[in-house]
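So this block is model_12.pdb, PDB, C-alpha atoms and all ligand atoms:
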ATOM      1  CA  ALA A  15     -42.355  -4.096 181.822
ATOM      2  CA  PRO A  16     -40.312  -7.212 182.635
ATOM      3  CA  ILE A  17     -37.981  -6.983 185.628
ATOM      4  CA  ALA A  18     -34.780  -8.915 186.236
ATOM      5  CA  GLY A  19     -32.107  -8.421 188.855
ATOM      6  CA  VAL A  20     -29.089  -9.808 190.624
ATOM      7  CA  LEU A  21     -29.330 -11.452 194.041
ATOM      8  CA  GLY A  22     -26.349 -11.385 196.352
ATOM      9  CA  TRP A  23     -25.135 -10.421 199.816
ATOM     10  CA  PRO A  24     -23.594  -7.900 199.661
ATOM     11  CA  ILE A  25     -24.637  -6.683 196.223
ATOM     12  CA  ALA A  26     -23.666  -2.977 196.046
ATOM     13  CA  HIS A  27     -20.454  -3.679 194.110
ATOM     14  CA  SER A  28     -22.030  -5.876 191.423
ATOM     15  CA  ARG A  29     -21.424  -4.623 187.897
ATOM     16  CA  SER A  30     -24.406  -6.493 186.478
ATOM     17  CA  PRO A  31     -26.933  -3.620 186.856
ATOM     18  CA  ARG A  32     -24.682  -1.320 184.798
ATOM     19  CA  LEU A  33     -24.151  -4.029 182.195
ATOM     20  CA  HIS A  34     -27.824  -4.958 181.737
ATOM     21  CA  GLY A  35     -28.911  -1.316 182.121
ATOM     22  CA  HIS A  36     -26.675  -0.368 179.208
ATOM     23  CA  TRP A  37     -28.182  -3.096 177.027
ATOM     24  CA  LEU A  38     -31.757  -2.128 177.976
ATOM     25  CA  SER A  39     -31.238   1.489 176.955
ATOM     26  CA  LYS A  40     -29.136   0.621 173.884
ATOM     27  CA  TYR A  41     -31.875  -1.617 172.474
ATOM     28  CA  GLY A  42     -34.744   0.612 173.652
ATOM     29  CA  ILE A  43     -36.275  -2.171 175.744
ATOM     30  CA  ALA A  44     -38.884  -1.244 178.362
ATOM     31  CA  GLY A  45     -37.469  -3.381 181.158
ATOM     32  CA  HIS A  46     -35.649  -3.056 184.466
ATOM     33  CA  TYR A  47     -32.613  -4.718 186.020
ATOM     34  CA  ILE A  48     -31.958  -4.054 189.689
ATOM     35  CA  PRO A  49     -29.570  -5.148 192.446
ATOM     36  CA  VAL A  50     -31.405  -7.089 195.176
ATOM     37  CA  PRO A  51     -29.607  -7.576 198.503
ATOM     38  CA  VAL A  52     -30.709 -10.931 199.923
ATOM     39  CA  MET A  53     -29.422 -12.483 203.122
ATOM     40  CA  PRO A  54     -28.723 -16.233 202.820
ATOM     41  CA  GLU A  55     -31.528 -17.162 205.237
ATOM     42  CA  HIS A  56     -34.036 -15.199 203.123
ATOM     43  CA  LEU A  57     -33.137 -16.595 199.690
ATOM     44  CA  ALA A  58     -35.940 -19.194 199.567
ATOM     45  CA  ASP A  59     -38.642 -16.651 200.557
ATOM     46  CA  VAL A  60     -37.398 -14.027 198.127
ATOM     47  CA  LEU A  61     -37.303 -16.491 195.214
ATOM     48  CA  ARG A  62     -40.863 -17.583 195.942
ATOM     49  CA  VAL A  63     -42.298 -14.058 195.688
ATOM     50  CA  MET A  64     -40.169 -12.620 192.873
ATOM     51  CA  PRO A  65     -42.254 -14.072 190.001
ATOM     52  CA  ARG A  66     -45.402 -12.510 191.580
ATOM     53  CA  MET A  67     -43.623  -9.143 191.666
ATOM     54  CA  GLY A  68     -43.083  -9.136 187.914
ATOM     55  CA  PHE A  69     -39.596 -10.620 187.808
ATOM     56  CA  VAL A  70     -38.920 -12.776 184.750
ATOM     57  CA  GLY A  71     -35.597 -13.991 186.078
ATOM     58  CA  ALA A  72     -32.429 -13.132 187.949
ATOM     59  CA  ASN A  73     -28.735 -13.561 188.193
ATOM     60  CA  VAL A  74     -27.384 -14.991 191.419
ATOM     61  CA  THR A  75     -23.982 -14.253 192.840
ATOM     62  CA  ILE A  76     -21.990 -14.784 196.039
ATOM     63  CA  PRO A  77     -23.084 -16.356 198.406
ATOM     64  CA  HIS A  78     -26.121 -17.881 196.626
ATOM     65  CA  LYS A  79     -24.681 -19.601 193.544
ATOM     66  CA  GLU A  80     -24.519 -23.059 195.156
ATOM     67  CA  SER A  81     -27.533 -22.913 197.489
ATOM     68  CA  VAL A  82     -29.898 -21.829 194.713
ATOM     69  CA  LEU A  83     -29.616 -25.290 193.102
ATOM     70  CA  ALA A  84     -31.658 -26.851 195.907
ATOM     71  CA  LEU A  85     -34.357 -24.172 195.518
ATOM     72  CA  ALA A  86     -34.782 -24.437 191.729
ATOM     73  CA  ASP A  87     -37.386 -26.709 190.130
ATOM     74  CA  VAL A  88     -35.260 -27.453 187.066
ATOM     75  CA  VAL A  89     -31.444 -27.463 187.061
ATOM     76  CA  THR A  90     -29.575 -27.772 183.766
ATOM     77  CA  ASP A  91     -27.023 -30.577 183.465
ATOM     78  CA  ARG A  92     -24.117 -28.141 183.296
ATOM     79  CA  ALA A  93     -25.250 -26.234 186.400
ATOM     80  CA  ALA A  94     -25.539 -29.556 188.240
ATOM     81  CA  LEU A  95     -22.080 -30.641 187.048
ATOM     82  CA  ILE A  96     -20.517 -27.315 188.019
ATOM     83  CA  GLY A  97     -22.430 -27.331 191.311
ATOM     84  CA  ALA A  98     -23.559 -23.717 190.960
ATOM     85  CA  ALA A  99     -25.993 -21.543 189.006
ATOM     86  CA  ASN A 100     -25.723 -17.892 188.007
ATOM     87  CA  THR A 101     -28.826 -17.439 185.842
ATOM     88  CA  LEU A 102     -32.459 -18.069 186.830
ATOM     89  CA  ILE A 103     -35.533 -18.001 184.612
ATOM     90  CA  PHE A 104     -38.963 -17.709 186.222
ATOM     91  CA  ARG A 105     -41.213 -19.615 183.864
ATOM     92  CA  PRO A 106     -44.866 -18.740 183.218
ATOM     93  CA  ASP A 107     -45.930 -21.966 184.983
ATOM     94  CA  GLY A 108     -44.217 -20.693 188.141
ATOM     95  CA  LYS A 109     -41.252 -23.030 187.990
ATOM     96  CA  ILE A 110     -37.705 -21.773 188.580
ATOM     97  CA  HIS A 111     -35.157 -22.853 185.985
ATOM     98  CA  ALA A 112     -31.461 -22.609 187.010
ATOM     99  CA  ASP A 113     -28.553 -22.534 184.587
ATOM    100  CA  ASN A 114     -24.852 -21.722 184.690
ATOM    101  CA  THR A 115     -23.538 -19.486 181.889
ATOM    102  CA  ASP A 116     -20.042 -18.871 183.323
ATOM    103  CA  GLY A 117     -18.472 -21.542 181.122
ATOM    104  CA  TYR A 118     -20.247 -20.178 178.069
ATOM    105  CA  GLY A 119     -18.922 -16.693 178.956
ATOM    106  CA  PHE A 120     -15.411 -18.044 179.389
ATOM    107  CA  ILE A 121     -15.349 -19.691 175.947
ATOM    108  CA  ALA A 122     -17.164 -16.828 174.188
ATOM    109  CA  ASN A 123     -14.572 -14.372 175.540
ATOM    110  CA  ILE A 124     -11.696 -16.446 174.168
ATOM    111  CA  ARG A 125     -13.403 -16.929 170.805
ATOM    112  CA  GLN A 126     -14.068 -13.199 170.456
ATOM    113  CA  ASN A 127     -10.532 -12.127 171.367
ATOM    114  CA  ALA A 128      -8.515 -15.045 169.970
ATOM    115  CA  PRO A 129     -10.526 -16.214 166.934
ATOM    116  CA  ASP A 130      -7.857 -18.721 165.856
ATOM    117  CA  TRP A 131      -7.995 -20.599 169.163
ATOM    118  CA  HIS A 132      -9.232 -24.180 169.117
ATOM    119  CA  ALA A 133      -9.758 -26.330 172.185
ATOM    120  CA  ASP A 134      -8.049 -29.316 170.561
ATOM    121  CA  GLN A 135      -4.752 -27.496 169.846
ATOM    122  CA  GLY A 136      -3.162 -29.135 172.880
ATOM    123  CA  PRO A 137      -3.444 -29.671 176.620
ATOM    124  CA  ALA A 138      -5.182 -27.038 178.726
ATOM    125  CA  ALA A 139      -3.747 -26.061 182.123
ATOM    126  CA  VAL A 140      -6.098 -24.655 184.760
ATOM    127  CA  ILE A 141      -4.738 -23.058 187.927
ATOM    128  CA  GLY A 142      -7.342 -23.113 190.697
ATOM    129  CA  ALA A 143     -10.189 -25.417 191.654
ATOM    130  CA  GLY A 144     -12.911 -23.154 193.110
ATOM    131  CA  GLY A 145     -16.352 -22.421 191.734
ATOM    132  CA  ALA A 146     -15.057 -20.397 188.798
ATOM    133  CA  ALA A 147     -12.525 -23.101 187.907
ATOM    134  CA  ARG A 148     -15.288 -25.733 187.805
ATOM    135  CA  ALA A 149     -17.150 -23.714 185.164
ATOM    136  CA  VAL A 150     -13.918 -23.295 183.168
ATOM    137  CA  VAL A 151     -13.163 -27.027 183.337
ATOM    138  CA  ALA A 152     -16.689 -27.964 182.239
ATOM    139  CA  SER A 153     -16.600 -25.590 179.265
ATOM    140  CA  LEU A 154     -13.102 -26.603 178.123
ATOM    141  CA  LEU A 155     -14.038 -30.288 178.165
ATOM    142  CA  GLU A 156     -17.302 -29.555 176.363
ATOM    143  CA  SER A 157     -15.316 -27.585 173.742
ATOM    144  CA  GLY A 158     -13.165 -30.612 172.965
ATOM    145  CA  VAL A 159     -10.035 -30.329 175.126
ATOM    146  CA  THR A 160      -8.586 -33.840 175.286
ATOM    147  CA  GLU A 161      -6.166 -33.318 178.187
ATOM    148  CA  LEU A 162      -6.980 -30.973 181.051
ATOM    149  CA  ARG A 163      -4.297 -30.369 183.651
ATOM    150  CA  ILE A 164      -5.247 -28.768 186.939
ATOM    151  CA  CYS A 165      -3.503 -27.728 190.132
ATOM    152  CA  ASN A 166      -4.723 -26.004 193.249
ATOM    153  CA  ARG A 167      -3.180 -24.850 196.524
ATOM    154  CA  THR A 168      -5.632 -27.171 198.284
ATOM    155  CA  ARG A 169      -4.974 -30.304 196.242
ATOM    156  CA  ILE A 170      -8.097 -32.173 197.328
ATOM    157  CA  ARG A 171     -10.359 -29.696 195.497
ATOM    158  CA  ALA A 172      -8.503 -30.509 192.240
ATOM    159  CA  GLU A 173      -8.817 -34.255 193.012
ATOM    160  CA  GLN A 174     -12.546 -33.730 193.516
ATOM    161  CA  ILE A 175     -12.811 -32.139 190.064
ATOM    162  CA  ARG A 176     -10.972 -35.094 188.553
ATOM    163  CA  SER A 177     -13.322 -37.556 190.225
ATOM    164  CA  GLU A 178     -16.377 -35.667 188.925
ATOM    165  CA  PHE A 179     -15.185 -34.689 185.433
ATOM    166  CA  GLY A 180     -13.304 -37.851 184.498
ATOM    167  CA  ALA A 181     -10.042 -39.221 183.161
ATOM    168  CA  LYS A 182      -9.168 -36.341 180.808
ATOM    169  CA  VAL A 183      -8.400 -34.380 183.989
ATOM    170  CA  ILE A 184      -4.843 -34.751 185.329
ATOM    171  CA  VAL A 185      -4.016 -33.340 188.759
ATOM    172  CA  TYR A 186      -0.642 -31.667 189.322
ATOM    173  CA  ASP A 187       0.751 -30.703 192.676
ATOM    174  CA  TRP A 188       0.684 -26.973 193.511
ATOM    175  CA  ALA A 189       4.479 -27.049 193.690
ATOM    176  CA  GLN A 190       4.523 -28.425 190.111
ATOM    177  CA  ALA A 191       2.416 -25.626 188.581
ATOM    178  CA  GLY A 192       5.362 -24.562 186.395
ATOM    179  CA  ASN A 193       5.738 -28.100 184.963
ATOM    180  CA  MET A 194       2.041 -28.141 184.162
ATOM    181  CA  LEU A 195       2.591 -25.380 181.582
ATOM    182  CA  GLU A 196       5.011 -27.444 179.484
ATOM    183  CA  GLY A 197       3.382 -28.201 176.134
ATOM    184  CA  ALA A 198       0.116 -26.530 177.160
ATOM    185  CA  ALA A 199      -1.836 -24.731 174.413
ATOM    186  CA  THR A 200      -4.254 -22.997 176.782
ATOM    187  CA  VAL A 201      -3.450 -21.688 180.274
ATOM    188  CA  VAL A 202      -6.016 -20.249 182.687
ATOM    189  CA  ASN A 203      -5.662 -18.492 186.034
ATOM    190  CA  ALA A 204      -8.951 -19.431 187.682
ATOM    191  CA  THR A 205      -7.828 -18.409 191.175
ATOM    192  CA  SER A 206      -8.601 -15.045 192.738
ATOM    193  CA  MET A 207      -4.872 -14.253 192.954
ATOM    194  CA  GLY A 208      -3.854 -11.102 191.123
ATOM    195  CA  MET A 209      -7.086  -9.353 192.037
ATOM    196  CA  GLU A 210      -6.726  -5.857 193.532
ATOM    197  CA  GLY A 211      -5.803  -6.233 197.193
ATOM    198  CA  LYS A 212      -4.651  -9.844 196.804
ATOM    199  CA  PRO A 213      -1.139 -11.168 196.176
ATOM    200  CA  PRO A 214      -0.229 -11.830 192.524
ATOM    201  CA  LEU A 215      -0.194 -15.364 191.132
ATOM    202  CA  ARG A 216       3.426 -16.479 190.976
ATOM    203  CA  VAL A 217       4.004 -19.503 188.750
ATOM    204  CA  PRO A 218       7.336 -20.269 187.029
ATOM    205  CA  MET A 219       6.550 -19.562 183.372
ATOM    206  CA  GLU A 220       9.760 -20.707 181.681
ATOM    207  CA  ALA A 221       8.014 -23.745 180.172
ATOM    208  CA  LEU A 222       5.378 -21.609 178.455
ATOM    209  CA  ALA A 223       5.696 -21.675 174.653
ATOM    210  CA  PRO A 224       5.244 -18.455 172.648
ATOM    211  CA  GLY A 225       1.807 -18.342 171.037
ATOM    212  CA  THR A 226       0.120 -20.145 173.939
ATOM    213  CA  LEU A 227      -3.310 -18.742 174.790
ATOM    214  CA  VAL A 228      -3.092 -17.397 178.354
ATOM    215  CA  THR A 229      -6.155 -15.998 180.091
ATOM    216  CA  ASP A 230      -7.064 -14.758 183.557
ATOM    217  CA  LEU A 231     -10.514 -14.620 185.140
ATOM    218  CA  VAL A 232      -9.459 -11.547 187.136
ATOM    219  CA  TYR A 233     -10.497  -8.181 185.623
ATOM    220  CA  THR A 234      -9.556  -5.743 188.394
ATOM    221  CA  PRO A 235      -6.909  -4.967 187.225
ATOM    222  CA  LEU A 236      -7.359  -5.905 183.558
ATOM    223  CA  MET A 237      -3.652  -6.558 183.156
ATOM    224  CA  THR A 238      -2.509  -8.853 185.960
ATOM    225  CA  ALA A 239       1.157  -9.586 186.605
ATOM    226  CA  PHE A 240       0.419 -13.112 185.347
ATOM    227  CA  LEU A 241      -0.825 -11.791 181.979
ATOM    228  CA  GLU A 242       2.053  -9.276 181.790
ATOM    229  CA  GLU A 243       4.603 -12.034 182.099
ATOM    230  CA  ALA A 244       2.797 -14.245 179.577
ATOM    231  CA  LYS A 245       2.712 -11.337 177.141
ATOM    232  CA  ALA A 246       6.433 -10.718 177.601
ATOM    233  CA  ARG A 247       6.967 -14.376 176.672
ATOM    234  CA  GLY A 248       5.111 -13.952 173.390
ATOM    235  CA  CYS A 249       1.866 -15.587 174.481
ATOM    236  CA  GLN A 250      -1.529 -14.529 173.239
ATOM    237  CA  ILE A 251      -3.375 -13.030 176.221
ATOM    238  CA  VAL A 252      -7.070 -12.503 176.963
ATOM    239  CA  ASP A 253      -8.212 -10.616 180.075
ATOM    240  CA  GLY A 254     -11.119 -11.635 182.297
ATOM    241  CA  LEU A 255     -13.558  -8.776 181.693
ATOM    242  CA  GLY A 256     -15.053 -10.368 178.579
ATOM    243  CA  MET A 257     -16.106 -13.457 180.558
ATOM    244  CA  LEU A 258     -18.204 -11.251 182.859
ATOM    245  CA  LEU A 259     -19.815  -9.548 179.874
ATOM    246  CA  HIS A 260     -20.488 -12.700 177.857
ATOM    247  CA  GLN A 261     -21.908 -14.722 180.781
ATOM    248  CA  ALA A 262     -24.634 -12.079 181.058
ATOM    249  CA  ALA A 263     -25.813 -12.360 177.444
ATOM    250  CA  PRO A 264     -27.874 -15.595 177.568
ATOM    251  CA  GLY A 265     -29.910 -14.358 180.558
ATOM    252  CA  PHE A 266     -30.567 -10.977 178.955
ATOM    253  CA  GLU A 267     -31.745 -12.665 175.778
ATOM    254  CA  ARG A 268     -34.122 -15.000 177.602
ATOM    255  CA  TRP A 269     -35.597 -12.297 179.866
ATOM    256  CA  PHE A 270     -35.838  -9.425 177.408
ATOM    257  CA  GLY A 271     -35.979 -11.165 174.004
ATOM    258  CA  HIS A 272     -32.964  -9.552 172.380
ATOM    259  CA  ARG A 273     -29.512 -11.072 171.879
ATOM    260  CA  PRO A 274     -27.132  -8.372 173.192
ATOM    261  CA  GLU A 275     -23.717  -7.524 171.779
ATOM    262  CA  VAL A 276     -20.462  -7.512 173.710
ATOM    263  CA  ASP A 277     -18.228  -4.747 172.354
ATOM    264  CA  ASP A 278     -15.612  -2.194 173.432
ATOM    265  CA  GLU A 279     -18.293   0.344 174.341
ATOM    266  CA  LEU A 280     -19.704  -2.123 176.887
ATOM    267  CA  ARG A 281     -16.220  -2.869 178.272
ATOM    268  CA  ALA A 282     -15.670   0.831 178.934
ATOM    269  CA  ILE A 283     -19.039   1.207 180.643
ATOM    270  CA  VAL A 284     -18.707  -1.793 182.919
ATOM    271  CA  LEU A 285     -15.083  -1.208 184.009
TER     272      LEU A 285
HETATM  273  P1  LIG A 301     -14.368 -18.689 193.009
HETATM  274  O1  LIG A 301     -15.826 -19.040 193.047
HETATM  275  O2  LIG A 301     -14.098 -17.275 192.589
HETATM  276  O3  LIG A 301     -13.578 -19.662 192.227
HETATM  277  P2  LIG A 301     -13.395 -19.920 195.451
HETATM  278  O4  LIG A 301     -14.294 -21.090 195.266
HETATM  279  O5  LIG A 301     -13.217 -19.336 196.812
HETATM  280  O6  LIG A 301     -13.882 -18.703 194.536
HETATM  281  O7  LIG A 301     -11.957 -20.292 194.834
HETATM  282  C1  LIG A 301     -10.865 -19.430 194.900
HETATM  283  C2  LIG A 301      -9.667 -20.082 194.207
HETATM  284  O8  LIG A 301      -8.518 -19.237 194.359
HETATM  285  C3  LIG A 301      -9.287 -21.427 194.793
HETATM  286  O9  LIG A 301      -8.689 -22.211 193.786
HETATM  287  C4  LIG A 301      -8.270 -21.005 195.859
HETATM  288  O10 LIG A 301      -7.403 -22.025 196.277
HETATM  289  P3  LIG A 301      -7.840 -22.951 197.543
HETATM  290  O11 LIG A 301      -8.845 -23.936 197.014
HETATM  291  O12 LIG A 301      -6.576 -23.597 197.963
HETATM  292  O13 LIG A 301      -8.412 -22.019 198.572
HETATM  293  C5  LIG A 301      -7.517 -19.956 195.093
HETATM  294  N1  LIG A 301      -6.770 -19.031 195.968
HETATM  295  C6  LIG A 301      -7.262 -17.962 196.620
HETATM  296  N2  LIG A 301      -6.288 -17.337 197.315
HETATM  297  C7  LIG A 301      -5.148 -18.056 197.113
HETATM  298  C8  LIG A 301      -3.785 -17.936 197.550
HETATM  299  N3  LIG A 301      -3.395 -16.921 198.349
HETATM  300  N4  LIG A 301      -2.899 -18.861 197.120
HETATM  301  C9  LIG A 301      -3.282 -19.868 196.297
HETATM  302  N5  LIG A 301      -4.532 -20.042 195.866
HETATM  303  C10 LIG A 301      -5.461 -19.141 196.239
END

When written as structure tokens, how does the structure in this file appear?
Ligand code: ATR
Amino acid sequence: APIAGVLGWPIAHSRSPRLHGHWLSKYGIAGHYIPVPVMPEHLADVLRVMPRMGFVGANVTIPHKESVLALADVVTDRAALIGAANTLIFRPDGKIHADNTDGYGFIANIRQNAPDWHADQGPAAVIGAGGAARAVVASLLESGVTELRICNRTRIRAEQIRSEFGAKVIVYDWAQAGNMLEGAATVVNATSMGMEGKPPLRVPMEALAPGTLVTDLVYTPLMTAFLEEAKARGCQIVDGLGMLLHQAAPGFERWFGHRPEVDDELRAIVL
């Protein structure tokens, strides 16, 4: 039976085994998906032997998402642009193929929960400029956003994104985050603020128009203070759990040959 897994350090808290395990049993597939703790200095060795152990692929998570690019034989354009991979395929010829499905998961989550949303409805505003934000920026631009505003506490990381992703990206100062929301059709919290144990994201939201699509990548808790306030202002809100679920689907399909569904049953199981 084919085996896939998730490589990280630490890995005990990953929700991916539960997610893929649910799909395997739901579709009656004889396969396995296991958490694999891998220290950074062992990543290259582990990747070399996994195909010989029966692994058909793997997800990679913190701290390996960037370093795995140098170890893969083939890197997709979007993984290279984002600078990180989360999905590996071990091909029959022994080559390791690295892709990034985070941006796909981000867009698929919005499309499932806000079917009327279109990327070209107006400017998008992204708060944050870390690894997750890079995937969001790539997918929004690929979806047809014509103006992408971004701000980050550490401004230089936002400037770096502008220099790599081009002139549709406009950098705002962190102190101007509230102004960035004026006229925006899509607003994303791509920082880790609002996550359990971290301070909430505080951005002046007066400029936010009712009906704006507001989404958060955080899913613990599902309802962040940021989403609560957007909801109170009449915005359409989408939580971050769906991104986690949808980013897993392309890997599952390639490893196990079945396109899995993302539904409320899965949400309840993974939470
Ligand atoms: P990830 O891969 O999840 O995006 P990351 O690359 O560490 O993780 O990025 C975390 C993001 O949250 C960054 O945009 C970070 O801002 P900095 O680049 O200035 O570090 C943002 N972030 C985390 N804690 C923050 C805080 N207390 N205030 C403002 N921004 C914060």

Using only C-alpha atoms and all ligand atoms, which protein or nucleic acid residues are at most 8 Å from ligand LIG 301 (chain A), as a compact mmCIF listing (two decimals) with C-alpha atoms, in the frame of the given file?
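Saved file pocket_5.txt follows:
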# COMPACT_ATOMS: atom_id res chain seq x y z
CA ILE A 141 -4.74 -23.06 187.93
CA GLY A 142 -7.34 -23.11 190.70
CA ALA A 143 -10.19 -25.42 191.65
CA GLY A 144 -12.91 -23.15 193.11
CA GLY A 145 -16.35 -22.42 191.73
CA ALA A 146 -15.06 -20.40 188.80
CA ALA A 147 -12.52 -23.10 187.91
CA ARG A 148 -15.29 -25.73 187.80
CA ASN A 166 -4.72 -26.00 193.25
CA ARG A 167 -3.18 -24.85 196.52
CA THR A 168 -5.63 -27.17 198.28
CA ARG A 169 -4.97 -30.30 196.24
CA ARG A 171 -10.36 -29.70 195.50
CA ALA A 204 -8.95 -19.43 187.68
CA THR A 205 -7.83 -18.41 191.18
CA SER A 206 -8.60 -15.04 192.74
CA MET A 207 -4.87 -14.25 192.95
CA LYS A 212 -4.65 -9.84 196.80
CA PRO A 213 -1.14 -11.17 196.18
CA LEU A 215 -0.19 -15.36 191.13

Closest pair table for range 98-170 of chain A residues within 12 Å of range 19-25 of chain A, all atoms listed in the file, as a Markdown table:
| residue | atom | partner | partner_atom | distance |
| --- | --- | --- | --- | --- |
| A:Ala99 | CA | A:Leu21 | CA | 11.8 |
| A:Asn100 | CA | A:Val20 | CA | 9.1 |
| A:Thr101 | CA | A:Val20 | CA | 9.0 |
| A:Leu102 | CA | A:Val20 | CA | 9.7 |
| A:Ile103 | CA | A:Gly19 | CA | 11.0 |
| A:Phe104 | CA | A:Gly19 | CA | 11.8 |

So which residues fall inside 12 Å of (-13.3, 0.5, 181.3) if we count only C-alpha atoms? Mind giving them as a PDB file with C-alpha atoms, in the frame of the given file?
ATOM      1  CA  ARG A  29     -21.424  -4.623 187.897  1.00  0.00           C
ATOM      2  CA  LEU A  33     -24.151  -4.029 182.195  1.00  0.00           C
ATOM      3  CA  TYR A 233     -10.497  -8.181 185.623  1.00  0.00           C
ATOM      4  CA  THR A 234      -9.556  -5.743 188.394  1.00  0.00           C
ATOM      5  CA  PRO A 235      -6.909  -4.967 187.225  1.00  0.00           C
ATOM      6  CA  LEU A 236      -7.359  -5.905 183.558  1.00  0.00           C
ATOM      7  CA  LEU A 255     -13.558  -8.776 181.693  1.00  0.00           C
ATOM      8  CA  GLY A 256     -15.053 -10.368 178.579  1.00  0.00           C
ATOM      9  CA  ASP A 277     -18.228  -4.747 172.354  1.00  0.00           C
ATOM     10  CA  ASP A 278     -15.612  -2.194 173.432  1.00  0.00           C
ATOM     11  CA  GLU A 279     -18.293   0.344 174.341  1.00  0.00           C
ATOM     12  CA  LEU A 280     -19.704  -2.123 176.887  1.00  0.00           C
ATOM     13  CA  ARG A 281     -16.220  -2.869 178.272  1.00  0.00           C
ATOM     14  CA  ALA A 282     -15.670   0.831 178.934  1.00  0.00           C
ATOM     15  CA  ILE A 283     -19.039   1.207 180.643  1.00  0.00           C
ATOM     16  CA  VAL A 284     -18.707  -1.793 182.919  1.00  0.00           C
ATOM     17  CA  LEU A 285     -15.083  -1.208 184.009  1.00  0.00           C
TER      18      LEU A 285
END

Evaluate the PyMOL selection byres (((chain A and resi 128-138) around 10) and not hetatm) here and jot the selected residues down as a PyMOL selection string. chain A and resi 121-127+139-140+151+153-164+182-183+194-202+226-228+250-252

CA of Pro106 in chain A to CA of Trp37 in chain A, straight-line distance in Å: 23.7 Å

Neighbouring residues of Ala15 in chain A were defined as those with any atom within 12 Å, considering only C-alpha atoms; residues of the same chain fewer than 4 positions away were excluded. Please report them as number ranges by chain. A: 38, 43-47, 67-70, 269-270

For Ala149 in chain A, which residue among A:Ala191, A:Ala263, A:Ile96, A:Cys165 is the nearest when counting all atoms listed in the file?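 Closest to Ala149 in chain A of all the choices is A:Ile96.
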
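For the pair CA of Glu80 in chain A and CA of Glu173 in chain A, the separation is 19.4 Å.
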
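In terms of minimum interatomic distance to Gly71 in chain A, A:Arg268 ranks closest within A:Arg92, A:Arg247, A:Arg268, A:His34, counting only C-alpha atoms.
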
Best match for closeness to Trp188 in chain A among A:Gly208, A:Asp230, A:Arg32, A:Arg216, counting only C-alpha atoms: A:Arg216

The distance between CA of Ser30 in chain A and CA of His56 in chain A is 21.1 Å

Hits of the PyMOL selection byres (((chain A and resi 81) around 9) and not hetatm) in this structure, as a CSV table (one decimal) with C-alpha atoms, in the frame of the given file:
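Final output, result.csv:
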chain,number,residue,atom,x,y,z
A,54,PRO,CA,-28.7,-16.2,202.8
A,57,LEU,CA,-33.1,-16.6,199.7
A,77,PRO,CA,-23.1,-16.4,198.4
A,78,HIS,CA,-26.1,-17.9,196.6
A,79,LYS,CA,-24.7,-19.6,193.5
A,80,GLU,CA,-24.5,-23.1,195.2
A,82,VAL,CA,-29.9,-21.8,194.7
A,83,LEU,CA,-29.6,-25.3,193.1
A,84,ALA,CA,-31.7,-26.9,195.9
A,85,LEU,CA,-34.4,-24.2,195.5
A,98,ALA,CA,-23.6,-23.7,191.0
A,99,ALA,CA,-26.0,-21.5,189.0

May I have the residues within 10 Å of Asp91 in chain A as an mmCIF file with C-alpha atoms, in the coordinates of the input, using all atoms listed in the file and disregarding those fewer than 5 positions away in the same chain?
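File part_19.cif, as written:
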data_model
loop_
_atom_site.group_PDB
_atom_site.id
_atom_site.type_symbol
_atom_site.label_atom_id
_atom_site.label_comp_id
_atom_site.auth_asym_id
_atom_site.auth_seq_id
_atom_site.Cartn_x
_atom_site.Cartn_y
_atom_site.Cartn_z
ATOM 1 C CA ILE A 96 -20.517 -27.315 188.019
ATOM 2 C CA GLY A 97 -22.430 -27.331 191.311
ATOM 3 C CA ALA A 112 -31.461 -22.609 187.010
ATOM 4 C CA ASP A 113 -28.553 -22.534 184.587
ATOM 5 C CA ASN A 114 -24.852 -21.722 184.690
#

Hey, can I get the axis-aligned box for range 184-193 of chain A? All listed atoms, 4 Å padding on each side, centre and edge lengths in Å to one decimal, as AutoDock Vina command-line options.
--center_x 0.4 --center_y -29.7 --center_z 189.3 --size_x 18.6 --size_y 18.2 --size_z 16.7

Between A:Asp87, A:Gly265, A:Ala26, A:Arg105, single out the one closest to Arg66 in chain A, counting only C-alpha atoms.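 Smallest separation from Arg66 in chain A among the options: A:Arg105.
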
For each of A:Pro65, A:Gly117, A:Pro218, A:Pro51, take the minimum atom-to-atom distance to Glu243 in chain A, counting all atoms listed in the file, then give the residue where this is smallest.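 That would be A:Pro218, the residue with the smallest distance to Glu243 in chain A.
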